[in-house]
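Next comes my_file_35.txt, with compact mmCIF, C-alpha atoms and all ligand atoms.
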# COMPACT_ATOMS: atom_id res chain seq x y z
CA MET A 1 -8.46 4.54 -20.61
CA LYS A 2 -8.16 2.37 -17.48
CA LYS A 3 -8.15 4.17 -14.14
CA ILE A 4 -5.62 3.40 -11.40
CA LEU A 5 -5.82 4.71 -7.86
CA VAL A 6 -2.34 4.99 -6.31
CA THR A 7 -1.74 5.77 -2.65
CA GLY A 8 1.30 6.65 -0.52
CA PHE A 9 1.68 7.80 3.06
CA GLU A 10 2.57 10.93 4.97
CA PRO A 11 5.55 10.70 7.38
CA PHE A 12 5.17 8.88 10.70
CA GLY A 13 7.21 7.62 13.63
CA GLY A 14 9.28 10.79 13.90
CA ASP A 15 10.48 10.72 10.28
CA LEU A 16 10.41 13.98 8.35
CA SER A 17 9.41 12.35 5.10
CA ASN A 18 7.98 9.07 3.84
CA PRO A 19 9.48 7.73 0.60
CA SER A 20 6.12 6.17 -0.29
CA GLY A 21 4.42 9.56 -0.37
CA GLU A 22 7.39 11.19 -2.12
CA ALA A 23 7.58 8.47 -4.79
CA VAL A 24 3.82 8.51 -5.44
CA LYS A 25 3.82 12.31 -5.74
CA ALA A 26 6.64 12.07 -8.30
CA LEU A 27 4.89 9.56 -10.59
CA ALA A 28 4.60 11.02 -14.06
CA LYS A 29 1.40 11.17 -16.10
CA THR A 30 1.22 8.63 -18.90
CA GLU A 31 -0.86 7.80 -21.95
CA GLN A 32 -1.18 4.20 -20.70
CA TYR A 33 -3.69 4.82 -17.90
CA GLU A 34 -5.42 7.55 -15.94
CA MET A 35 -4.07 7.91 -12.44
CA LYS A 36 -5.43 9.43 -9.24
CA LYS A 37 -3.07 9.82 -6.27
CA LEU A 38 -3.80 9.99 -2.57
CA ILE A 39 -1.26 10.69 0.15
CA LEU A 40 -2.75 9.22 3.31
CA PRO A 41 -2.26 10.04 6.98
CA VAL A 42 -0.87 7.14 9.05
CA SER A 43 -4.18 6.95 10.88
CA TRP A 44 -6.23 3.87 11.72
CA LYS A 45 -9.41 5.91 11.43
CA CYS A 46 -8.75 7.92 8.26
CA ALA A 47 -6.41 6.04 5.92
CA PHE A 48 -8.76 3.42 4.49
CA SER A 49 -11.82 5.64 4.60
CA GLU A 50 -10.01 8.09 2.28
CA ILE A 51 -9.37 5.27 -0.18
CA GLU A 52 -12.94 4.05 0.11
CA LYS A 53 -14.36 7.48 -0.65
CA VAL A 54 -12.37 7.84 -3.90
CA TRP A 55 -13.00 4.17 -4.81
CA ASP A 56 -16.77 4.62 -4.52
CA GLU A 57 -16.86 7.95 -6.36
CA TRP A 58 -14.26 7.36 -9.08
CA GLN A 59 -14.59 3.57 -9.56
CA PRO A 60 -10.94 2.77 -10.39
CA ASP A 61 -10.03 -0.35 -12.40
CA ALA A 62 -7.03 -1.09 -10.18
CA LEU A 63 -5.59 -0.05 -6.84
CA LEU A 64 -1.91 0.14 -5.91
CA MET A 65 -1.01 1.11 -2.36
CA VAL A 66 2.53 2.00 -1.30
CA GLY A 67 4.14 2.34 2.12
CA LEU A 68 7.49 2.43 3.90
CA ALA A 69 9.00 -0.72 5.40
CA GLY A 70 11.82 0.89 7.40
CA GLY A 71 14.80 -1.47 7.63
CA SER A 72 14.03 -3.38 4.43
CA PRO A 73 16.87 -3.32 1.88
CA ALA A 74 14.60 -4.09 -1.10
CA VAL A 75 11.29 -3.17 -2.71
CA ARG A 76 8.76 -5.66 -1.33
CA VAL A 77 5.93 -6.98 -3.46
CA GLU A 78 3.35 -7.84 -0.82
CA ARG A 79 1.31 -10.98 -1.39
CA ILE A 80 -1.07 -11.23 1.60
CA GLY A 81 -3.24 -9.05 3.82
CA ILE A 82 -4.19 -10.51 7.22
CA ASN A 83 -7.14 -9.78 9.49
CA LEU A 84 -5.08 -8.38 12.33
CA CYS A 85 -4.33 -4.88 13.60
CA GLY A 86 -1.34 -4.88 15.92
CA ALA A 87 -1.27 -2.96 19.19
CA ILE A 88 0.59 -0.09 17.54
CA LYS A 89 -0.27 3.60 17.94
CA ASP A 90 -0.92 5.77 14.89
CA ILE A 91 0.12 9.34 14.16
CA ASP A 92 -2.62 10.62 16.52
CA GLY A 93 -1.37 8.43 19.38
CA LEU A 94 -4.36 6.10 19.08
CA TYR A 95 -4.69 2.32 18.75
CA ALA A 96 -6.93 0.69 16.14
CA ASN A 97 -9.90 0.76 18.56
CA GLY A 98 -9.61 4.56 18.86
CA SER A 99 -8.28 4.44 22.41
CA ALA A 100 -5.00 5.97 23.55
CA GLU A 101 -4.69 3.48 26.42
CA CYS A 102 -6.09 0.12 25.44
CA ALA A 103 -3.20 -1.60 23.64
CA GLU A 104 -4.90 -4.67 22.26
CA GLU A 105 -4.64 -6.50 18.98
CA GLN A 106 -7.92 -6.66 17.10
CA PRO A 107 -9.25 -7.86 13.75
CA VAL A 108 -9.29 -5.41 10.86
CA ILE A 109 -12.88 -6.54 10.22
CA ASP A 110 -14.77 -8.50 12.87
CA GLY A 111 -15.95 -11.89 11.67
CA GLU A 112 -14.27 -11.59 8.26
CA ARG A 113 -11.89 -14.28 7.01
CA GLU A 114 -8.28 -14.56 8.19
CA ALA A 115 -6.49 -13.39 5.06
CA PHE A 116 -6.75 -12.40 1.43
CA PHE A 117 -4.13 -12.79 -1.30
CA ALA A 118 -3.27 -9.64 -3.23
CA THR A 119 -4.83 -9.78 -6.69
CA TYR A 120 -2.23 -7.89 -8.73
CA PRO A 121 0.07 -9.88 -11.04
CA ALA A 122 2.83 -10.29 -8.46
CA GLU A 123 5.02 -12.55 -10.57
CA LYS A 124 4.94 -10.23 -13.59
CA ILE A 125 5.69 -7.28 -11.34
CA LEU A 126 8.62 -8.95 -9.57
CA ASN A 127 10.04 -10.12 -12.91
CA ALA A 128 9.86 -6.59 -14.28
CA LEU A 129 11.60 -5.20 -11.19
CA LYS A 130 14.32 -7.86 -11.36
CA LYS A 131 14.83 -7.25 -15.07
CA ALA A 132 15.36 -3.56 -14.31
CA GLU A 133 17.91 -4.61 -11.65
CA ILE A 134 15.93 -3.02 -8.83
CA PRO A 135 16.56 -4.80 -5.49
CA SER A 136 13.18 -6.45 -4.96
CA LYS A 137 11.50 -9.51 -3.47
CA TYR A 138 8.16 -11.05 -2.53
CA SER A 139 6.90 -10.46 0.97
CA PHE A 140 4.38 -12.72 2.68
CA SER A 141 3.66 -10.35 5.54
CA ALA A 142 2.80 -6.67 5.24
CA GLY A 143 3.03 -6.48 9.05
CA THR A 144 0.16 -5.68 11.39
CA TYR A 145 0.14 -1.91 11.08
CA ILE A 146 -1.74 0.44 8.75
CA CYS A 147 -0.18 -0.86 5.51
CA ASN A 148 -1.56 -4.33 6.20
CA GLU A 149 -4.85 -2.80 7.31
CA LEU A 150 -5.19 -1.06 3.93
CA LEU A 151 -4.27 -4.15 1.94
CA TYR A 152 -6.65 -6.37 3.91
CA SER A 153 -9.50 -3.81 3.88
CA ALA A 154 -9.20 -3.20 0.14
CA LEU A 155 -9.17 -6.92 -0.65
CA ALA A 156 -12.16 -7.47 1.63
CA LYS A 157 -14.09 -4.68 -0.11
CA ARG A 158 -13.20 -6.14 -3.51
CA SER A 159 -14.47 -9.52 -2.38
CA ARG A 160 -17.72 -8.06 -0.95
CA GLU A 161 -18.36 -6.19 -4.18
CA SER A 162 -17.36 -9.17 -6.38
CA LYS A 163 -14.99 -7.02 -8.41
CA GLU A 164 -12.27 -8.39 -10.72
CA MET A 165 -9.86 -5.68 -9.65
CA PRO A 166 -6.06 -5.92 -9.40
CA ILE A 167 -5.15 -4.76 -5.90
CA GLY A 168 -1.74 -4.83 -4.29
CA PHE A 169 0.73 -3.24 -1.97
CA ILE A 170 4.37 -2.29 -2.49
CA HIS A 171 6.58 -1.63 0.53
CA LEU A 172 9.59 0.61 -0.09
CA PRO A 173 12.84 0.94 1.88
CA TYR A 174 14.06 4.29 3.20
CA ALA A 175 15.34 6.69 0.56
CA ASP A 176 19.07 7.34 0.30
CA GLY A 177 20.18 10.16 2.58
CA GLN A 178 17.02 10.00 4.68
CA LYS A 179 18.38 8.31 7.77
CA GLU A 180 21.75 7.16 9.13
CA GLY A 181 22.54 3.48 9.44
CA VAL A 182 19.52 1.98 7.67
CA PRO A 183 19.30 0.18 4.32
CA SER A 184 18.09 2.50 1.58
CA LEU A 185 17.61 2.94 -2.16
CA PRO A 186 17.73 6.03 -4.38
CA LEU A 187 14.30 7.67 -4.53
CA ALA A 188 14.57 7.70 -8.35
CA GLN A 189 14.93 3.90 -8.35
CA MET A 190 11.83 3.54 -6.18
CA ILE A 191 9.86 5.83 -8.50
CA ALA A 192 11.00 3.63 -11.41
CA ALA A 193 9.88 0.56 -9.44
CA LEU A 194 6.39 2.02 -9.02
CA GLU A 195 6.18 3.01 -12.68
CA LEU A 196 7.07 -0.55 -13.70
CA THR A 197 4.53 -1.95 -11.23
CA LEU A 198 1.81 0.30 -12.61
CA SER A 199 2.54 -0.66 -16.20
CA GLU A 200 2.17 -4.35 -15.26
CA LEU A 201 -0.96 -3.75 -13.22
CA ILE A 202 -3.66 -3.71 -15.92
N1 LIG B 301 4.38 2.22 6.65
C1 LIG B 301 3.57 1.69 7.75
C2 LIG B 301 2.36 2.58 7.80
C3 LIG B 301 2.67 3.76 6.95
C4 LIG B 301 3.89 3.40 6.21
O1 LIG B 301 4.43 4.08 5.32
C5 LIG B 301 3.29 0.21 7.65
O2 LIG B 301 4.13 -0.53 7.11
O3 LIG B 301 2.24 -0.26 8.11
As structure tokens, how would this structure be written, given the file I've shared?
Ligand code: PCA
Amino acid sequence: MKKILVTGFEPFGGDLSNPSGEAVKALAKTEQYEMKKLILPVSWKCAFSEIEKVWDEWQPDALLMVGLAGGSPAVRVERIGINLCGAIKDIDGLYANGSAECAEEQPVIDGEREAFFATYPAEKILNALKKAEIPSKYSFSAGTYICNELLYSALAKRSRESKEMPIGFIHLPYADGQKEGVPSLPLAQMIAALELTLSELI
């Protein structure tokens, strides 16, 4: 059976929950593939290293990462990771360089190329989401925070290791009832979106 590593995030930015972590935790076991889940801290230092550890030990056939894009009204199928960490503090109050003071943009990986395209079947995934009438769209920027850092770092590792591995990132909106005055979707619909994505992944 093929092995898929699926990751979500812990809450950040003052939120009490993160729909990405909640939806990943709720994903049901299936006969289609073996799944390992990780719920990551929103930390420049720890998030990707947790993925890397499981990747190296467990050798998954595919990797799907999931995060929150607060303010988005739709599920976003991310297409590109860029080599840029924004000057944005993480959950520990630190910038990407580990400093609490030095607010500077920096590359995700020094000297590495500018960008990588996600390698999951984005068109098949978006079609499946549309067919299920889940509000969804392509996104050509995963931002410059930790979600982009994960997507870029994973694609760079795949390229270094010459692996034929589907890797991608899904950004979710807020869950209904989570926050006043922001676009949102029912958590159950976002779980369904991830299940569809996973079944198209390999
Ligand atoms: N969203 C952030 C980081 C964690 C999350 O859920 C992002 O879009 O980078």
Using all atoms listed in the file, which residues of region 60-173 of chain A come within 12 Å of region 18-30 of chain A, and what is the closest atom pair for each, with the distance in Å to one decimal? Give it as JSON lines, sorted by chain and residue number.
{"residue": "A:Leu64", "atom": "CA", "partner": "A:Val24", "partner_atom": "CA", "distance": 10.2}
{"residue": "A:Met65", "atom": "CA", "partner": "A:Ser20", "partner_atom": "CA", "distance": 9.0}
{"residue": "A:Val66", "atom": "CA", "partner": "A:Ser20", "partner_atom": "CA", "distance": 5.6}
{"residue": "A:Gly67", "atom": "CA", "partner": "A:Ser20", "partner_atom": "CA", "distance": 4.9}
{"residue": "A:Leu68", "atom": "CA", "partner": "A:Ser20", "partner_atom": "CA", "distance": 5.8}
{"residue": "A:Ala69", "atom": "CA", "partner": "A:Ser20", "partner_atom": "CA", "distance": 9.4}
{"residue": "A:Gly70", "atom": "CA", "partner": "A:Asn18", "partner_atom": "CA", "distance": 9.7}
{"residue": "A:Val75", "atom": "CA", "partner": "A:Ser20", "partner_atom": "CA", "distance": 10.9}
{"residue": "A:Cys147", "atom": "CA", "partner": "A:Ser20", "partner_atom": "CA", "distance": 11.1}
{"residue": "A:Phe169", "atom": "CA", "partner": "A:Ser20", "partner_atom": "CA", "distance": 11.0}
{"residue": "A:Ile170", "atom": "CA", "partner": "A:Ser20", "partner_atom": "CA", "distance": 8.9}
{"residue": "A:His171", "atom": "CA", "partner": "A:Ser20", "partner_atom": "CA", "distance": 7.9}
{"residue": "A:Leu172", "atom": "CA", "partner": "A:Ser20", "partner_atom": "CA", "distance": 6.6}
{"residue": "A:Pro173", "atom": "CA", "partner": "A:Pro19", "partner_atom": "CA", "distance": 7.7}
Using the selection just defined, write its residues with C-alpha atoms as a PDB file, in the frame of the given file.
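Once written, result.pdb looks like this:
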ATOM      1  CA  LEU A  64      -1.910   0.140  -5.910  1.00  0.00           C
ATOM      2  CA  MET A  65      -1.010   1.110  -2.360  1.00  0.00           C
ATOM      3  CA  VAL A  66       2.530   2.000  -1.300  1.00  0.00           C
ATOM      4  CA  GLY A  67       4.140   2.340   2.120  1.00  0.00           C
ATOM      5  CA  LEU A  68       7.490   2.430   3.900  1.00  0.00           C
ATOM      6  CA  ALA A  69       9.000  -0.720   5.400  1.00  0.00           C
ATOM      7  CA  GLY A  70      11.820   0.890   7.400  1.00  0.00           C
ATOM      8  CA  VAL A  75      11.290  -3.170  -2.710  1.00  0.00           C
ATOM      9  CA  CYS A 147      -0.180  -0.860   5.510  1.00  0.00           C
ATOM     10  CA  PHE A 169       0.730  -3.240  -1.970  1.00  0.00           C
ATOM     11  CA  ILE A 170       4.370  -2.290  -2.490  1.00  0.00           C
ATOM     12  CA  HIS A 171       6.580  -1.630   0.530  1.00  0.00           C
ATOM     13  CA  LEU A 172       9.590   0.610  -0.090  1.00  0.00           C
ATOM     14  CA  PRO A 173      12.840   0.940   1.880  1.00  0.00           C
TER      15      PRO A 173
END
Exercise for review: Record the distance separating CA of Tyr138 (chain A) and CA of Arg76 (chain A), expressed in Å with one decimal.
Suggested key: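 Pair CA of Tyr138 (chain A) / CA of Arg76 (chain A) returns 5.6 Å.
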Point to revise | Two-atom distance - CA of Leu151 (chain A), CA of Glu104 (chain A) (Å) | key: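 Rounded to one decimal, the two atoms are 20.3 Å apart.
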Box in all listed atoms of region 38-53 of chain A, axis-aligned, with 8 Å more on each side; write out centre and edge lengths in Å to one decimal as AutoDock Vina command-line options.
--center_x -7.6 --center_y 7.1 --center_z 4.6 --size_x 29.5 --size_y 23.3 --size_z 30.3
Exercise for review: Quick one: pull the distance between CA of Asn83 (chain A) and CA of Pro107 (chain A), Å, one decimal.
Suggested key: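 For CA of Asn83 (chain A) relative to CA of Pro107 (chain A), the distance reads 5.1 Å.
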Practice item. Mind checking which residues fall within 6 Å of Leu84 (chain A), counting all atoms listed in the file, ignoring those fewer than 4 positions away in the same chain, and posting them as a PyMOL selection string? Key: chain A and resi 106-108+144
Check your understanding: Which residues come within 12 Å of Ile109 (chain A), counting all atoms listed in the file, excluding same-chain residues fewer than 5 positions away, as a ChimeraX atom specification?
Key -> /A:81-85,96-97,114-115,149-150,152-157
